Amino acid sequence: MNVLGIETSCDETGIAIYHGGRGLLAHRVHSQITLHAGYGGVVPELASRDHIRKTLPLISAVLGESGLTGSDIDGVAYTSGPGLVGALLVGAAIGRSLAWAWQVPAIAVHHMEGHLLAPLLEGEAPTFPFIALLVSGGHTQLVAVEHIGHYRLLGESLDDAAGEAFDKTAKLMGLAYPGGPALAKLAEQGDPQRFQFPRPMTDRPGLDFSFSGLKTFALNTLHSGLQQEQDAEGVARLKADIARAFEDAVVDTLVIKCRRAVRQTGNKNLILAGGVSANRRLRERIRKVMEEEGGRAWYPRPELCTDNGAMIAYAGWQRLQAGQSETMQFGARPRWPMEELPAL
């Protein structure tokens with residue numbers, strides 16, 4: 001079964017084709033970073049318009065790269081939520097229309113289920129059950145995964161997601177958009193001993209997260225430091241040290257909660273997915289802690305950590321080949337709890 005995957009939930013247009021036997025045949029991603037850079041963040045209306053411009057050309061490119069035509073497609077998967085409603089509707093309308101024209105089934109895919117299943121696209125993949133840490137710009141969740149569709153939320157962020165906290169803190173420090181990767185890069189130059197930031201909600205039981213306070217702590221540290229630093233070199237060093245302290249605090253908090261989840265559930269397999277899972281320091285710490293716990297960490301290659309069509313095509317293939325499909329109606333679900341998904 002050849003499944004076309006369409007991802008348009010935010011500011012990246014991702015298109016891919018997945019085959020059940022041959023694996024990922026082709027995938028492409030168009031990023032809107034340049035489009036939104038001048039605004040310091042994603043502008044929903046501009047994102048939707050760019051998806052309209054890019055989706056069909058990318059579909060044509062992926063078909064050509066894989067040596068297929070529309071008649072070779074056996075199913076279409078599109079992201080239906082969570083995400084920006086206008087952007088989601090672009091992919092849903094195009095995906096459902098193509099499925100109707102090609103007379104093949106269509107399936108609406110949950111964006112975070114796509115991220116959760118992305119590590120299964122790798123040659124060596126985890127087996128069920130496992131724990132998933134999903135960390136992105138919009139979500140930070142720990143999920144117990146028995147099988148596809150069998151999800152139990154263990155904990156989540158009560159305010160800012162980890163990626164959102166990275167982006168907001170970077171913006172406060174005057175870093176260029178997108179802020180998260182810029183802050184992580186700056187942190188590589190920082191002194192880990194200069195500042196000690198709190199590890200929020202690690203001094204109490206439970207697996208929930210809170211990152212908004214770290215943003216305020218970073219801002220106060222910056223304001224205090226700027227009163228002492230008088231030259232450009234000192235200011236640059238101050239920002240690098242704050243970036244390192246902030247990143248260490250977020251990474252430590254995520255690692256502490258993952259270790260706690262492993263011990264509470266007894267599950268020794270943990271996958272790390274979502275845009276923040278590309279963070280080098282987070283990967284290293286998660287790998288180490290899972291080795292200490294007698295388990296193993298799994299994560300997708302960096303290009304499949306951010307939003308992409310490959311994870312949507314794969315998640316869609318799993319559900320289509322199990323017999324699930326949509327009616328002719330389609331829509332977007334900007335808020336969509338993953339626990340509501342039907343089990344396979």
# chains A, B, ... in the order shown; residues from 1 in each chain; ligands from 1
$ residues_around --residues "stretch 57-60 of chain A" --least-positions-apart "5" --cutoff "8 Å" --atoms "only C-alpha atoms" --output "MDAnalysis selection string"
chainID A and resid 15:16 28
$ closest_atom_pairs --of "stretch 207-324 of chain A" --to "stretch 78-93 of chain A" --cutoff "12 Å" --atoms "only C-alpha atoms" --output "tab-separated table"
residue	atom	partner	partner_atom	distance
A:Asp307	CA	A:Thr79	CA	10.5
A:Asn308	CA	A:Thr79	CA	10.2
A:Gly309	CA	A:Tyr78	CA	8.5
A:Ala310	CA	A:Tyr78	CA	10.8
A:Met311	CA	A:Thr79	CA	10.0
A:Ile312	CA	A:Tyr78	CA	6.6
A:Ala313	CA	A:Tyr78	CA	7.8
A:Tyr314	CA	A:Tyr78	CA	10.8
A:Ala315	CA	A:Tyr78	CA	9.7
A:Gly316	CA	A:Tyr78	CA	7.7
A:Trp317	CA	A:Tyr78	CA	10.9
A:Leu320	CA	A:Tyr78	CA	11.9
$ select_by_dssp --residues "stretch 152-278 of chain A" --states "alpha helix (DSSP H)" --output "number ranges by chain"
A: 162-172, 179-187, 212-226, 232-265
$ closest_atom_pairs --of "stretch 124-192 of chain A" --to "stretch 206-222 of chain A" --cutoff "9 Å" --atoms "only C-alpha atoms" --output "JSON lines"
{"residue": "A:Thr140", "atom": "CA", "partner": "A:Phe209", "partner_atom": "CA", "distance": 7.7}
{"residue": "A:Gln141", "atom": "CA", "partner": "A:Asp208", "partner_atom": "CA", "distance": 8.0}
{"residue": "A:Leu142", "atom": "CA", "partner": "A:Leu207", "partner_atom": "CA", "distance": 7.5}
{"residue": "A:Leu154", "atom": "CA", "partner": "A:Leu207", "partner_atom": "CA", "distance": 6.3}
{"residue": "A:Gly155", "atom": "CA", "partner": "A:Asp208", "partner_atom": "CA", "distance": 4.3}
{"residue": "A:Glu156", "atom": "CA", "partner": "A:Asp208", "partner_atom": "CA", "distance": 4.7}
{"residue": "A:Ser157", "atom": "CA", "partner": "A:Phe209", "partner_atom": "CA", "distance": 4.2}
{"residue": "A:Leu158", "atom": "CA", "partner": "A:Ser210", "partner_atom": "CA", "distance": 5.5}
{"residue": "A:Asp159", "atom": "CA", "partner": "A:Ser210", "partner_atom": "CA", "distance": 5.8}
{"residue": "A:Asp160", "atom": "CA", "partner": "A:Ser212", "partner_atom": "CA", "distance": 5.4}
{"residue": "A:Ala161", "atom": "CA", "partner": "A:Phe211", "partner_atom": "CA", "distance": 6.8}
{"residue": "A:Ala162", "atom": "CA", "partner": "A:Phe211", "partner_atom": "CA", "distance": 6.5}
{"residue": "A:Glu164", "atom": "CA", "partner": "A:Phe211", "partner_atom": "CA", "distance": 8.8}
{"residue": "A:Ala165", "atom": "CA", "partner": "A:Phe211", "partner_atom": "CA", "distance": 6.2}
{"residue": "A:Phe166", "atom": "CA", "partner": "A:Lys215", "partner_atom": "CA", "distance": 8.2}
{"residue": "A:Lys168", "atom": "CA", "partner": "A:Lys215", "partner_atom": "CA", "distance": 7.1}
{"residue": "A:Thr169", "atom": "CA", "partner": "A:Lys215", "partner_atom": "CA", "distance": 5.4}
{"residue": "A:Leu172", "atom": "CA", "partner": "A:Leu219", "partner_atom": "CA", "distance": 6.9}
{"residue": "A:Met173", "atom": "CA", "partner": "A:Leu222", "partner_atom": "CA", "distance": 7.8}
$ write_last_selection --atoms "all heavy atoms" --output "compact mmCIF listing (two decimals), in the first residue's frame"
# COMPACT_ATOMS: atom_id res chain seq x y z
N THR A 140 4.39 19.18 25.56
CA THR A 140 5.34 18.41 26.35
C THR A 140 4.53 17.39 27.12
O THR A 140 3.76 17.74 28.01
CB THR A 140 6.14 19.29 27.32
OG1 THR A 140 6.87 20.28 26.56
CG2 THR A 140 7.13 18.45 28.11
N GLN A 141 4.67 16.12 26.75
CA GLN A 141 3.84 15.07 27.32
C GLN A 141 4.65 13.80 27.55
O GLN A 141 5.55 13.47 26.77
CB GLN A 141 2.68 14.72 26.37
CG GLN A 141 1.72 15.85 26.09
CD GLN A 141 0.65 15.45 25.08
OE1 GLN A 141 0.90 14.69 24.15
NE2 GLN A 141 -0.56 15.96 25.27
N LEU A 142 4.33 13.11 28.62
CA LEU A 142 4.81 11.75 28.86
C LEU A 142 3.61 10.83 28.68
O LEU A 142 2.58 11.01 29.32
CB LEU A 142 5.38 11.61 30.26
CG LEU A 142 6.87 11.93 30.42
CD1 LEU A 142 7.23 12.04 31.90
CD2 LEU A 142 7.75 10.88 29.74
N LEU A 154 0.57 10.28 31.10
CA LEU A 154 1.20 10.21 32.42
C LEU A 154 1.43 11.59 33.00
O LEU A 154 1.35 11.79 34.21
CB LEU A 154 2.54 9.46 32.33
CG LEU A 154 2.49 8.02 31.82
CD1 LEU A 154 3.90 7.48 31.66
CD2 LEU A 154 1.68 7.14 32.76
N GLY A 155 1.75 12.55 32.15
CA GLY A 155 2.02 13.90 32.61
C GLY A 155 2.17 14.83 31.42
O GLY A 155 2.48 14.40 30.31
N GLU A 156 1.95 16.13 31.66
CA GLU A 156 2.07 17.12 30.59
C GLU A 156 2.40 18.47 31.19
O GLU A 156 2.32 18.66 32.41
CB GLU A 156 0.78 17.21 29.78
CG GLU A 156 -0.42 17.67 30.59
CD GLU A 156 -1.70 17.67 29.78
OE1 GLU A 156 -1.62 17.72 28.54
OE2 GLU A 156 -2.78 17.62 30.39
N SER A 157 2.76 19.42 30.33
CA SER A 157 3.06 20.76 30.81
C SER A 157 1.76 21.47 31.21
O SER A 157 0.77 21.43 30.48
CB SER A 157 3.79 21.56 29.74
OG SER A 157 4.09 22.85 30.22
N LEU A 158 1.80 22.13 32.34
CA LEU A 158 0.64 22.87 32.83
C LEU A 158 0.59 24.28 32.28
O LEU A 158 -0.39 25.00 32.48
CB LEU A 158 0.66 22.91 34.36
CG LEU A 158 0.72 21.55 35.06
CD1 LEU A 158 0.74 21.73 36.57
CD2 LEU A 158 -0.45 20.67 34.64
N ASP A 159 1.66 24.70 31.59
CA ASP A 159 1.69 26.03 30.97
C ASP A 159 2.47 25.94 29.66
O ASP A 159 2.00 25.30 28.74
CB ASP A 159 2.30 27.08 31.93
CG ASP A 159 3.47 26.54 32.74
OD1 ASP A 159 4.45 26.10 32.11
OD2 ASP A 159 3.41 26.56 33.98
N ASP A 160 3.62 26.59 29.56
CA ASP A 160 4.40 26.55 28.33
C ASP A 160 4.95 25.15 28.07
O ASP A 160 5.42 24.48 28.99
CB ASP A 160 5.58 27.53 28.40
CG ASP A 160 5.13 28.98 28.35
OD1 ASP A 160 3.94 29.22 28.08
OD2 ASP A 160 5.98 29.87 28.58
N ALA A 161 4.92 24.74 26.81
CA ALA A 161 5.64 23.53 26.41
C ALA A 161 7.13 23.83 26.41
O ALA A 161 7.55 25.00 26.38
CB ALA A 161 5.18 23.08 25.03
N ALA A 162 7.96 22.80 26.40
CA ALA A 162 9.41 23.00 26.45
C ALA A 162 9.89 23.81 25.25
O ALA A 162 10.68 24.76 25.40
CB ALA A 162 10.13 21.66 26.52
N GLU A 164 8.17 25.86 23.40
CA GLU A 164 7.63 27.21 23.52
C GLU A 164 8.47 28.03 24.49
O GLU A 164 8.74 29.23 24.24
CB GLU A 164 6.18 27.14 24.00
CG GLU A 164 5.46 28.46 24.06
CD GLU A 164 4.03 28.30 24.54
OE1 GLU A 164 3.65 27.19 24.97
OE2 GLU A 164 3.28 29.30 24.49
N ALA A 165 8.90 27.42 25.59
CA ALA A 165 9.74 28.12 26.56
C ALA A 165 11.09 28.49 25.94
O ALA A 165 11.62 29.57 26.19
CB ALA A 165 9.93 27.25 27.80
N PHE A 166 11.65 27.58 25.15
CA PHE A 166 12.90 27.88 24.44
C PHE A 166 12.70 29.10 23.54
O PHE A 166 13.52 30.03 23.54
CB PHE A 166 13.31 26.68 23.59
CG PHE A 166 14.31 25.77 24.25
CD1 PHE A 166 13.92 24.61 24.90
CD2 PHE A 166 15.67 26.06 24.21
CE1 PHE A 166 14.83 23.77 25.50
CE2 PHE A 166 16.60 25.23 24.80
CZ PHE A 166 16.18 24.08 25.45
N LYS A 168 10.38 31.51 23.55
CA LYS A 168 10.08 32.76 24.26
C LYS A 168 11.32 33.32 24.96
O LYS A 168 11.55 34.53 24.95
CB LYS A 168 8.96 32.53 25.26
CG LYS A 168 7.59 32.32 24.64
CD LYS A 168 6.52 32.13 25.71
CE LYS A 168 5.12 32.01 25.10
NZ LYS A 168 4.09 31.80 26.13
N THR A 169 12.10 32.43 25.56
CA THR A 169 13.32 32.89 26.23
C THR A 169 14.32 33.45 25.24
O THR A 169 14.96 34.48 25.49
CB THR A 169 13.94 31.74 27.05
OG1 THR A 169 12.98 31.26 27.99
CG2 THR A 169 15.19 32.20 27.79
N LEU A 172 13.24 36.93 24.31
CA LEU A 172 13.54 37.88 25.38
C LEU A 172 15.01 38.32 25.34
O LEU A 172 15.34 39.45 25.71
CB LEU A 172 13.23 37.27 26.75
CG LEU A 172 11.75 37.05 27.09
CD1 LEU A 172 11.63 36.28 28.40
CD2 LEU A 172 11.02 38.39 27.19
N MET A 173 15.88 37.42 24.87
CA MET A 173 17.31 37.73 24.83
C MET A 173 17.73 38.33 23.49
O MET A 173 18.92 38.53 23.23
CB MET A 173 18.13 36.48 25.14
CG MET A 173 17.93 35.97 26.55
SD MET A 173 19.33 35.02 27.18
CE MET A 173 19.38 33.68 26.01
$ residues_around --residues "A:Trp100" --least-positions-apart "4" --cutoff "12 Å" --atoms "only C-alpha atoms" --output "JSON, numbers by chain"
{"A": [70, 73, 74, 75, 76, 93, 94, 95, 96, 104, 105, 106, 107, 326, 327, 328, 329, 330]}
$ residues_around --residues "stretch 180-189 of chain A" --least-positions-apart "3" --cutoff "8 Å" --atoms "only C-alpha atoms" --output "PDB file with C-alpha atoms, in the first residue's frame"
ATOM      1  CA  GLY A 163       9.836  24.200  22.874  1.00  0.00           C
ATOM      2  CA  GLU A 164       7.633  27.213  23.519  1.00  0.00           C
ATOM      3  CA  PHE A 166      12.895  27.877  24.437  1.00  0.00           C
ATOM      4  CA  ASP A 167      11.408  30.172  21.795  1.00  0.00           C
ATOM      5  CA  ALA A 170      15.332  33.304  23.058  1.00  0.00           C
ATOM      6  CA  LEU A 175      17.947  36.054  19.438  1.00  0.00           C
ATOM      7  CA  ALA A 176      16.805  35.574  15.858  1.00  0.00           C
ATOM      8  CA  TYR A 177      13.732  33.506  14.917  1.00  0.00           C
ATOM      9  CA  LYS A 239      23.649  35.742  27.226  1.00  0.00           C
ATOM     10  CA  ALA A 240      25.596  32.578  26.431  1.00  0.00           C
ATOM     11  CA  ASP A 241      25.806  31.674  30.128  1.00  0.00           C
ATOM     12  CA  ILE A 242      22.075  32.305  30.609  1.00  0.00           C
ATOM     13  CA  ALA A 243      21.295  30.185  27.546  1.00  0.00           C
ATOM     14  CA  ARG A 244      23.362  27.324  28.969  1.00  0.00           C
ATOM     15  CA  ALA A 245      21.732  27.573  32.396  1.00  0.00           C
ATOM     16  CA  GLU A 247      18.937  24.677  28.555  1.00  0.00           C
ATOM     17  CA  ASN A 279      18.441  18.840  20.916  1.00  0.00           C
TER      18      ASN A 279
END
$ residues_around --residues "A:Pro44" --least-positions-apart "2" --cutoff "10 Å" --atoms "only C-alpha atoms" --output "JSON list (two decimals) with N, CA, C and O atoms, in the first residue's frame"
[["chain", "number", "residue", "atom", "x", "y", "z"],
["A", 10, "CYS", "N", 1.39, 23.67, 10.96],
["A", 10, "CYS", "CA", 1.91, 24.94, 11.45],
["A", 10, "CYS", "C", 2.68, 25.67, 10.34],
["A", 10, "CYS", "O", 2.08, 26.19, 9.42],
["A", 11, "ASP", "N", 4.00, 25.69, 10.43],
["A", 11, "ASP", "CA", 4.79, 26.49, 9.49],
["A", 11, "ASP", "C", 5.73, 25.67, 8.63],
["A", 11, "ASP", "O", 6.71, 26.19, 8.11],
["A", 36, "HIS", "N", 8.29, 34.02, 8.15],
["A", 36, "HIS", "CA", 7.84, 34.51, 9.45],
["A", 36, "HIS", "C", 8.93, 35.22, 10.25],
["A", 36, "HIS", "O", 8.63, 35.81, 11.29],
["A", 41, "GLY", "N", 7.74, 35.30, 14.87],
["A", 41, "GLY", "CA", 6.89, 34.16, 15.20],
["A", 41, "GLY", "C", 5.96, 33.85, 14.05],
["A", 41, "GLY", "O", 5.90, 34.60, 13.06],
["A", 42, "VAL", "N", 5.22, 32.77, 14.17],
["A", 42, "VAL", "CA", 4.35, 32.32, 13.08],
["A", 42, "VAL", "C", 3.11, 33.20, 12.98],
["A", 42, "VAL", "O", 2.41, 33.41, 13.98],
["A", 46, "LEU", "N", -0.52, 33.97, 7.09],
["A", 46, "LEU", "CA", 0.57, 33.80, 6.13],
["A", 46, "LEU", "C", 0.95, 32.32, 6.00],
["A", 46, "LEU", "O", 1.28, 31.85, 4.91],
["A", 47, "ALA", "N", 0.91, 31.60, 7.11],
["A", 47, "ALA", "CA", 1.21, 30.17, 7.07],
["A", 47, "ALA", "C", 0.23, 29.43, 6.18],
["A", 47, "ALA", "O", 0.62, 28.60, 5.33],
["A", 48, "SER", "N", -1.06, 29.73, 6.33],
["A", 48, "SER", "CA", -2.09, 29.05, 5.53],
["A", 48, "SER", "C", -1.89, 29.33, 4.04],
["A", 48, "SER", "O", -1.98, 28.42, 3.21],
["A", 49, "ARG", "N", -1.63, 30.57, 3.71],
["A", 49, "ARG", "CA", -1.45, 30.93, 2.30],
["A", 49, "ARG", "C", -0.24, 30.24, 1.69],
["A", 49, "ARG", "O", -0.28, 29.83, 0.53],
["A", 50, "ASP", "N", 0.82, 30.13, 2.48],
["A", 50, "ASP", "CA", 2.02, 29.47, 1.95],
["A", 50, "ASP", "C", 1.78, 27.98, 1.75],
["A", 50, "ASP", "O", 2.31, 27.38, 0.80],
["A", 84, "LEU", "N", -2.72, 24.90, 13.81],
["A", 84, "LEU", "CA", -3.41, 26.12, 13.39],
["A", 84, "LEU", "C", -4.56, 25.74, 12.48],
["A", 84, "LEU", "O", -4.37, 25.04, 11.48],
["A", 85, "VAL", "N", -5.76, 26.21, 12.79],
["A", 85, "VAL", "CA", -6.95, 25.73, 12.09],
["A", 85, "VAL", "C", -6.88, 26.00, 10.59],
["A", 85, "VAL", "O", -7.22, 25.14, 9.77],
["A", 86, "GLY", "N", -6.43, 27.19, 10.18],
["A", 86, "GLY", "CA", -6.36, 27.50, 8.76],
["A", 86, "GLY", "C", -5.36, 26.62, 8.04],
["A", 86, "GLY", "O", -5.62, 26.11, 6.93],
["A", 87, "ALA", "N", -4.20, 26.43, 8.65],
["A", 87, "ALA", "CA", -3.17, 25.59, 8.05],
["A", 87, "ALA", "C", -3.65, 24.14, 7.94],
["A", 87, "ALA", "O", -3.44, 23.47, 6.91]]
$ decode --residues "stretch 92-129 of chain A" --atoms "N, CA and C atoms" --output "PDB file, in the first residue's frame"
ATOM      1  N   ALA A  92      -6.080  19.242   4.877  1.00  0.00           N
ATOM      2  CA  ALA A  92      -7.256  18.369   4.908  1.00  0.00           C
ATOM      3  C   ALA A  92      -8.052  18.478   3.617  1.00  0.00           C
ATOM      4  N   ALA A  93      -8.244  19.693   3.117  1.00  0.00           N
ATOM      5  CA  ALA A  93      -9.019  19.878   1.886  1.00  0.00           C
ATOM      6  C   ALA A  93      -8.308  19.251   0.691  1.00  0.00           C
ATOM      7  N   ILE A  94      -7.010  19.472   0.597  1.00  0.00           N
ATOM      8  CA  ILE A  94      -6.255  18.907  -0.526  1.00  0.00           C
ATOM      9  C   ILE A  94      -6.197  17.385  -0.413  1.00  0.00           C
ATOM     10  N   GLY A  95      -5.922  16.890   0.787  1.00  0.00           N
ATOM     11  CA  GLY A  95      -5.814  15.448   0.961  1.00  0.00           C
ATOM     12  C   GLY A  95      -7.110  14.723   0.674  1.00  0.00           C
ATOM     13  N   ARG A  96      -8.233  15.256   1.195  1.00  0.00           N
ATOM     14  CA  ARG A  96      -9.523  14.583   0.976  1.00  0.00           C
ATOM     15  C   ARG A  96      -9.939  14.676  -0.481  1.00  0.00           C
ATOM     16  N   SER A  97      -9.625  15.799  -1.141  1.00  0.00           N
ATOM     17  CA  SER A  97      -9.979  15.965  -2.556  1.00  0.00           C
ATOM     18  C   SER A  97      -9.202  15.003  -3.440  1.00  0.00           C
ATOM     19  N   LEU A  98      -7.909  14.851  -3.155  1.00  0.00           N
ATOM     20  CA  LEU A  98      -7.107  13.914  -3.945  1.00  0.00           C
ATOM     21  C   LEU A  98      -7.585  12.479  -3.740  1.00  0.00           C
ATOM     22  N   ALA A  99      -7.919  12.128  -2.506  1.00  0.00           N
ATOM     23  CA  ALA A  99      -8.424  10.782  -2.251  1.00  0.00           C
ATOM     24  C   ALA A  99      -9.710  10.528  -3.028  1.00  0.00           C
ATOM     25  N   TRP A 100     -10.593  11.531  -3.087  1.00  0.00           N
ATOM     26  CA  TRP A 100     -11.840  11.388  -3.843  1.00  0.00           C
ATOM     27  C   TRP A 100     -11.542  11.252  -5.330  1.00  0.00           C
ATOM     28  N   ALA A 101     -10.633  12.067  -5.845  1.00  0.00           N
ATOM     29  CA  ALA A 101     -10.311  12.021  -7.271  1.00  0.00           C
ATOM     30  C   ALA A 101      -9.657  10.699  -7.653  1.00  0.00           C
ATOM     31  N   TRP A 102      -8.807  10.185  -6.778  1.00  0.00           N
ATOM     32  CA  TRP A 102      -8.106   8.926  -7.061  1.00  0.00           C
ATOM     33  C   TRP A 102      -8.922   7.706  -6.640  1.00  0.00           C
ATOM     34  N   GLN A 103     -10.065   7.948  -5.989  1.00  0.00           N
ATOM     35  CA  GLN A 103     -10.947   6.872  -5.519  1.00  0.00           C
ATOM     36  C   GLN A 103     -10.220   5.914  -4.576  1.00  0.00           C
ATOM     37  N   VAL A 104      -9.561   6.516  -3.582  1.00  0.00           N
ATOM     38  CA  VAL A 104      -8.853   5.734  -2.563  1.00  0.00           C
ATOM     39  C   VAL A 104      -9.289   6.249  -1.187  1.00  0.00           C
ATOM     40  N   PRO A 105      -9.102   5.479  -0.140  1.00  0.00           N
ATOM     41  CA  PRO A 105      -9.505   5.939   1.200  1.00  0.00           C
ATOM     42  C   PRO A 105      -8.595   7.040   1.719  1.00  0.00           C
ATOM     43  N   ALA A 106      -9.150   7.838   2.625  1.00  0.00           N
ATOM     44  CA  ALA A 106      -8.394   8.899   3.283  1.00  0.00           C
ATOM     45  C   ALA A 106      -8.491   8.713   4.789  1.00  0.00           C
ATOM     46  N   ILE A 107      -7.478   9.206   5.503  1.00  0.00           N
ATOM     47  CA  ILE A 107      -7.478   9.099   6.953  1.00  0.00           C
ATOM     48  C   ILE A 107      -6.954  10.395   7.564  1.00  0.00           C
ATOM     49  N   ALA A 108      -7.645  10.890   8.581  1.00  0.00           N
ATOM     50  CA  ALA A 108      -7.195  12.066   9.327  1.00  0.00           C
ATOM     51  C   ALA A 108      -6.231  11.605  10.414  1.00  0.00           C
ATOM     52  N   VAL A 109      -5.061  12.201  10.457  1.00  0.00           N
ATOM     53  CA  VAL A 109      -4.007  11.772  11.382  1.00  0.00           C
ATOM     54  C   VAL A 109      -3.816  12.806  12.480  1.00  0.00           C
ATOM     55  N   HIS A 110      -3.605  12.319  13.689  1.00  0.00           N
ATOM     56  CA  HIS A 110      -3.281  13.164  14.836  1.00  0.00           C
ATOM     57  C   HIS A 110      -1.797  13.520  14.759  1.00  0.00           C
ATOM     58  N   HIS A 111      -1.509  14.820  14.777  1.00  0.00           N
ATOM     59  CA  HIS A 111      -0.141  15.298  14.619  1.00  0.00           C
ATOM     60  C   HIS A 111       0.821  14.672  15.633  1.00  0.00           C
ATOM     61  N   MET A 112       0.410  14.591  16.893  1.00  0.00           N
ATOM     62  CA  MET A 112       1.303  14.062  17.918  1.00  0.00           C
ATOM     63  C   MET A 112       1.449  12.545  17.824  1.00  0.00           C
ATOM     64  N   GLU A 113       0.426  11.855  17.311  1.00  0.00           N
ATOM     65  CA  GLU A 113       0.603  10.421  17.062  1.00  0.00           C
ATOM     66  C   GLU A 113       1.651  10.225  15.978  1.00  0.00           C
ATOM     67  N   GLY A 114       1.670  11.128  15.001  1.00  0.00           N
ATOM     68  CA  GLY A 114       2.710  11.061  13.986  1.00  0.00           C
ATOM     69  C   GLY A 114       4.088  11.159  14.610  1.00  0.00           C
ATOM     70  N   HIS A 115       4.290  12.150  15.483  1.00  0.00           N
ATOM     71  CA  HIS A 115       5.580  12.279  16.166  1.00  0.00           C
ATOM     72  C   HIS A 115       5.888  11.037  16.986  1.00  0.00           C
ATOM     73  N   LEU A 116       4.891  10.536  17.699  1.00  0.00           N
ATOM     74  CA  LEU A 116       5.091   9.382  18.569  1.00  0.00           C
ATOM     75  C   LEU A 116       5.557   8.157  17.780  1.00  0.00           C
ATOM     76  N   LEU A 117       5.056   7.996  16.569  1.00  0.00           N
ATOM     77  CA  LEU A 117       5.390   6.819  15.766  1.00  0.00           C
ATOM     78  C   LEU A 117       6.610   7.017  14.877  1.00  0.00           C
ATOM     79  N   ALA A 118       7.145   8.247  14.820  1.00  0.00           N
ATOM     80  CA  ALA A 118       8.270   8.527  13.928  1.00  0.00           C
ATOM     81  C   ALA A 118       9.484   7.615  14.159  1.00  0.00           C
ATOM     82  N   PRO A 119       9.835   7.276  15.413  1.00  0.00           N
ATOM     83  CA  PRO A 119      10.982   6.375  15.597  1.00  0.00           C
ATOM     84  C   PRO A 119      10.795   5.008  14.958  1.00  0.00           C
ATOM     85  N   LEU A 120       9.543   4.606  14.697  1.00  0.00           N
ATOM     86  CA  LEU A 120       9.292   3.304  14.077  1.00  0.00           C
ATOM     87  C   LEU A 120       9.645   3.303  12.597  1.00  0.00           C
ATOM     88  N   LEU A 121       9.954   4.472  12.040  1.00  0.00           N
ATOM     89  CA  LEU A 121      10.389   4.551  10.649  1.00  0.00           C
ATOM     90  C   LEU A 121      11.852   4.143  10.482  1.00  0.00           C
ATOM     91  N   GLU A 122      12.588   4.066  11.581  1.00  0.00           N
ATOM     92  CA  GLU A 122      14.003   3.731  11.511  1.00  0.00           C
ATOM     93  C   GLU A 122      14.201   2.226  11.340  1.00  0.00           C
ATOM     94  N   GLY A 123      15.371   1.869  10.852  1.00  0.00           N
ATOM     95  CA  GLY A 123      15.672   0.455  10.604  1.00  0.00           C
ATOM     96  C   GLY A 123      15.594  -0.383  11.861  1.00  0.00           C
ATOM     97  N   GLU A 124      16.127   0.156  12.951  1.00  0.00           N
ATOM     98  CA  GLU A 124      16.030  -0.512  14.246  1.00  0.00           C
ATOM     99  C   GLU A 124      15.037   0.279  15.077  1.00  0.00           C
ATOM    100  N   ALA A 125      13.898  -0.308  15.346  1.00  0.00           N
ATOM    101  CA  ALA A 125      12.802   0.425  15.978  1.00  0.00           C
ATOM    102  C   ALA A 125      12.376  -0.250  17.280  1.00  0.00           C
ATOM    103  N   PRO A 126      11.803   0.506  18.197  1.00  0.00           N
ATOM    104  CA  PRO A 126      11.321  -0.088  19.449  1.00  0.00           C
ATOM    105  C   PRO A 126      10.080  -0.936  19.222  1.00  0.00           C
ATOM    106  N   THR A 127       9.858  -1.844  20.126  1.00  0.00           N
ATOM    107  CA  THR A 127       8.634  -2.644  20.094  1.00  0.00           C
ATOM    108  C   THR A 127       7.723  -2.168  21.221  1.00  0.00           C
ATOM    109  N   PHE A 128       6.426  -2.404  21.055  1.00  0.00           N
ATOM    110  CA  PHE A 128       5.455  -2.040  22.083  1.00  0.00           C
ATOM    111  C   PHE A 128       5.561  -3.020  23.250  1.00  0.00           C
ATOM    112  N   PRO A 129       5.283  -2.569  24.478  1.00  0.00           N
ATOM    113  CA  PRO A 129       4.907  -1.212  24.895  1.00  0.00           C
ATOM    114  C   PRO A 129       6.145  -0.364  25.166  1.00  0.00           C
TER     115      PRO A 129
END
